[in-house]
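Colleague: I have a structure I would like to understand better, so I am pasting it below and will then ask my questions one at a time.
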Amino acid sequence: MIRRTVVIVLGFILTGGLVDSGSAQFGDRNIEVHGYLLGNYAGRTTGLSPAGGRFSDFMLSEERLRLDIETWSEAVEAAARIRLDMFHDALGRDFDIDLREAYINYTAGPFDFTLGRQIVTWGVGDLIFINDVFPKDWESFFLGRPLEYLKFGVDGLRMRLSSGLVNADILAVPTFEPDNLPGSDRFFLFDPLAAISSRREQLPGRTFENTELAVRVYRYIWGFDVSGYAYKGFWRSPGMMTDDPAAPTEVMIFYPELFVYGFSAQGRAPGGVVSLEAGYYDSRDDSDGADPSIPNSQVRFLIGYQRQMWEDFNAGVQYHAERMQDHETYTASLPGGFPEQSEYRDTVTLRLTQLLKHQTLKLSFFGFYSPADTDYLLQPSITYKFADSFSTTIGGNIFGGKEETTFLGQFEKNDNTYLSALFTF
Amino acid sequence: MKIVPITIIASFIMSLSSGVAFAGTDTSAQDIIAKSQQASYYQASDMKAKVSMALIDKNGKERSRVMTMLRIDEAGGENQKYFIYFHEPGDVRGMTFMVWKYGDKEDDRWLFIPAVDLVRRIAADDKRSSFVGSDFNYEDVSGRDVESDTYTLVREEKLNERDCYVIESVPKKVIDYTKRVSWVDKENYLPLKEEYYDRQGELYRVFTAEQVDVIASRKDEASKFPSVTKRTMANLKTGHKTEVSFEDIAYDIDLNDKDFSERYLRKPPKKWIR
């Protein structure tokens, strides 16, 4: 009933807003309504279906209506914004609302305050995240939804200070949200505890002291955008623990405490742009590395370079490495049957983008390859804009690896092709 | 082995002499182009305009781009800062592009993508990048370094009842065109027409200024700035053309240098971009 009311109210706002091509003004109050209709369809191309999976050859079949409503006042510098999707998932037989963002923004002198659900992206990596510790939807990413669905909002308060000397973002998030990882209903994946079907997820308690805090301090120095970061919160990918190691009946999924400290720099390099980023992941609940259910502390590092090679063609390469701290302690405490992670893991990425026909045709390729894990993900895609408001994308996700236990190698049987169509208004 | 240093010395002497004698460049022609650049890209201390582009293919199919452009000049130099805020089409709505343009080195450029709250540096080559898919490249939008070409004043003639200098520019290093012929208005130094010739010596791209309006400074009504408010770039080889109109142009609106920053890249003040 509530859902229906929301839809009716939004429909009313939308039709009212559209009368004047998307925006209207009442005295000092302004409102703008936009959005899109998006269809996403993905099919597995390996001819295999996960056991017990509901979805068989199809991995995604959904329609989304995006409404993006913004209202603001100029008398006080304040604005409110709602971006939400009403979606229908044909495979899951589900109709629901995905509140992408909903916030109020207020400006006072050098301060900007944003309160509510908001998407936050930090760091300089291209699909490699070190200091971007905010929630991600990897399932969307592996199913070919548009890239913006890789990120989703956090519910909190952000304060930004902008001054000539230094700028700072301070973010407080009371309610922790984990990453959305691919699930076993749609994906083949590696689960060392697959034999135990009973699962219990324990999120961090909703106490004041569990509030996530994230700080970014930044400024422009000698041609570079330089940032320092600190984060107090939790791992967004869970740890797993059984109730009784001798005779396990239940797996507990939990999110250990994590602090991250890091920096990034991005700026001009001969002919292009260079990016550098590093971070120290301090795994607080396993500081000596002896608990195999919790990730050890890590050092992560990234270097990237992008340049335009010829007209409307851009290329970008990145090298990323992470080193596990206390690797010896980790191997000594790892139970039998669990695949061992190497001390060093590295990844190279390549992005190629060619725009053609007055930028209406886009050929894109993104590839991850990990020399340490010997696994990869290749993402080719073609987008054509039939008109300013209508485009379609066809693409693929091609996974592979030597082992089925590595991050990308485990998805080998999930190669898929997707089609999406977008109509904006 | 002695030939090598002699060649180096010879080329060094040649480069010195070309610097002195402008290698055939007519200094008065170069002055005219410098003034033309000034009139086209550096009017007043700052500027705001709403820019609409129609990208029209040879079958008459049209696509549109609508954006707000803001510009501020650093006093007494070539350095400038730009904001371009996109209104249309829907897939780029809310994106903001910021450029810090330098006279003596490569620009700094940033793009903000609101859907993922992402600020990203952009690597781009001005001379070879189409501006938002139009027939204009970035250089046409933000200006070309006067030192990139050598110039000859070929004649003076009337174009659409206006007295013009006709200047031939030849790039020192050929990237796309081999020759450009410009009709520069003698009174206000605005380019009224430009023809671009390709490597085969054939005319392939034509710029025309269809409308020039005189706009007064917001600070001082007596300062008036002639401005090209309707312009077209047509590609004769592909039959594609781009028509651009500038509306709500305002000069000297007290933009602040420090506002051309990440803060306003992410959150442009509504009073600017409405």
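Within each chain, counting starts at residue 1; across the structure tokens, chains are named A, B, ... in the order shown, with ligands numbered 1 upward in that order.
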Within 7 Å of A:Asp96, counting only C-alpha atoms, which residues qualify if same-chain residues fewer than 6 places away don't, as a PyMOL selection string?

Modeller: chain A and resi 86-88

Colleague: Within 9 Å of A:Arg81, counting only C-alpha atoms, which residues qualify if same-chain residues fewer than 4 places away don't, as a PyMOL selection string?

Modeller: chain A and resi 68-72+101-105

Colleague: For A:Tyr229, find every residue with an atom within 7 Å (counting only C-alpha atoms), except residues of its own chain fewer than 2 positions away, and show them as a list in words.

Modeller: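 Near A:Tyr229, the qualifying residues are Asn131, Val215, Arg216, Val217, Ser227, Tyr231, Tyr261, Gly262 and Phe263 of chain A.
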
Colleague: Would you mind listing what lies within 12 Å of A:Leu157 as a list in words, with only C-alpha atoms counted and same-chain residues fewer than 3 positions away left out?

Modeller: Ala102, Tyr103, Ile104, Asn105, Tyr106, Asp112, Phe113, Thr114, Leu115, Gly116, Arg117, Gln118, Ile119, Val120, Gly153, Val154, Arg160, Asp169, Ile170, Leu171, Ala172, Val173, Pro174, Thr175, Thr211, Glu212, Leu213, Ala214 and Val215 of chain A

Colleague: Output C-alpha atoms for every residue in that selection, as a PDB file, in the first residue's frame.

Modeller:
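Saved to again-v1.pdb:
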```
ATOM      1  CA  ALA A 102      18.130  10.770  -0.948  1.00  0.00           C
ATOM      2  CA  TYR A 103      19.778  13.729   0.724  1.00  0.00           C
ATOM      3  CA  ILE A 104      19.523  17.306   1.795  1.00  0.00           C
ATOM      4  CA  ASN A 105      22.406  19.610   1.125  1.00  0.00           C
ATOM      5  CA  TYR A 106      23.112  22.884   2.892  1.00  0.00           C
ATOM      6  CA  ASP A 112      28.812  21.997   2.682  1.00  0.00           C
ATOM      7  CA  PHE A 113      26.690  19.567   4.669  1.00  0.00           C
ATOM      8  CA  THR A 114      25.011  16.582   3.058  1.00  0.00           C
ATOM      9  CA  LEU A 115      22.655  14.532   5.189  1.00  0.00           C
ATOM     10  CA  GLY A 116      21.033  11.324   4.002  1.00  0.00           C
ATOM     11  CA  ARG A 117      21.695   8.492   1.599  1.00  0.00           C
ATOM     12  CA  GLN A 118      24.520   9.405  -0.757  1.00  0.00           C
ATOM     13  CA  ILE A 119      27.031   7.756  -3.068  1.00  0.00           C
ATOM     14  CA  VAL A 120      30.648   8.470  -2.148  1.00  0.00           C
ATOM     15  CA  GLY A 153      24.746   4.864  -1.219  1.00  0.00           C
ATOM     16  CA  VAL A 154      25.707   5.108   2.424  1.00  0.00           C
ATOM     17  CA  ARG A 160      32.994  19.294   3.341  1.00  0.00           C
ATOM     18  CA  ASP A 169      35.584  15.682   3.653  1.00  0.00           C
ATOM     19  CA  ILE A 170      34.392  14.126   6.875  1.00  0.00           C
ATOM     20  CA  LEU A 171      31.817  11.385   6.693  1.00  0.00           C
ATOM     21  CA  ALA A 172      29.956   9.614   9.508  1.00  0.00           C
ATOM     22  CA  VAL A 173      27.865   6.542   8.692  1.00  0.00           C
ATOM     23  CA  PRO A 174      25.946   4.991  11.594  1.00  0.00           C
ATOM     24  CA  THR A 175      24.623   1.942   9.745  1.00  0.00           C
ATOM     25  CA  THR A 211      29.666   4.401  13.460  1.00  0.00           C
ATOM     26  CA  GLU A 212      31.923   4.353  10.414  1.00  0.00           C
ATOM     27  CA  LEU A 213      34.102   7.437  10.100  1.00  0.00           C
ATOM     28  CA  ALA A 214      35.953   8.437   6.959  1.00  0.00           C
ATOM     29  CA  VAL A 215      38.137  11.480   6.389  1.00  0.00           C
TER      30      VAL A 215
END
```

Colleague: Identify all chain A residues at most 7 Å from chain B by counting only C-alpha atoms; ligands do not count. Present them as a list in words.

Modeller: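 Residues of chain A within 7 Å of chain B, counting only C-alpha atoms: Ile119, Val120, Thr121, Glu148, Lys151, Ser162, Arg268, Gly272, Val273, Gln306, Arg307, Gln308, Trp310, Glu311, Asp312, His358, Gln359, Ala387, Asp388, Ser389, Thr424 and Phe425 of chain A.
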
Colleague: Please determine, counting only C-alpha atoms, which residue among B:Thr242, B:Gln30, B:Asn256, B:Asn79 has the shortest atom-to-atom distance to B:Ser52.

Modeller: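 Counting only C-alpha atoms, the residue closest to B:Ser52 is B:Thr242.
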
Colleague: Excluding B:Lys158 and residues on its chain fewer than 5 positions from it, collect all residues at most 10 Å away from it, counting only C-alpha atoms, and give them as a list in words.

Modeller: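 Returned residues: Asp163, Cys164, Tyr165, Val166, Trp183, Asp185 and Lys186 of chain B.
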
Colleague: I need the strand (DSSP E or B) residues of stretch 74-239 of chain B per DSSP on the backbone, written as a PyMOL selection string.

Modeller: chain B and resi 80-88+96-101+108-113+118-121+130+137+149-159+162-171+179-185+191-197+203-217+224-235

Colleague: For A:Met324, please output as a VMD selection string all residues within 9 Å (counting only C-alpha atoms; exclusion window: fewer than 2 positions along the same chain).

Modeller: chain A and resid 295 to 300 322 326 to 327 341 to 345

Colleague: Give me the residues within 6 Å of stretch 402-412 of chain A as a PyMOL selection string, counting only C-alpha atoms and dropping any in the same chain fewer than 3 places off.

Modeller: chain A and resi 189-190+374-376+399

Colleague: Go through B:Val244, B:Leu192, B:Glu221, B:Arg71 and flag the residue nearest B:Glu161, using only C-alpha atoms for the distances.

Modeller: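 Counting only C-alpha atoms, the residue closest to B:Glu161 is B:Leu192.
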
Colleague: Give the helix (DSSP H, G or I) residues of stretch 54-250 of chain A, as assigned by DSSP on the backbone, as an MDAnalysis selection string.

Modeller: chainID A and resid 138:143 147:150 208:210

Colleague: Compare A:Asp85, A:Leu147, A:Gly304, A:Ala80 by their minimum atom-to-atom distance to A:Arg29, counting only C-alpha atoms, and give me the closest one.

Modeller: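 Once distances to A:Arg29 are computed over only C-alpha atoms, the minimum belongs to A:Ala80.
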
Colleague: Measure the distance from atom CA of A:Tyr220 to atom CA of A:Ala278 in Å and round it to one decimal.

Modeller: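 Computed distance, atom CA of A:Tyr220 to atom CA of A:Ala278, equals 17.9 Å.
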
Colleague: Rounded to one decimal in Å, what is the spacing between atom CA of A:Val166 and atom CA of A:Val226?

Modeller: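 If I compute the distance from atom CA of A:Val166 to atom CA of A:Val226, I get 10.4 Å.
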
Colleague: Do you have the atom CA of A:Pro292-atom CA of A:Met252 distance handy?

Modeller: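 We find that atom CA of A:Pro292 and atom CA of A:Met252 lie 13.7 Å from each other.
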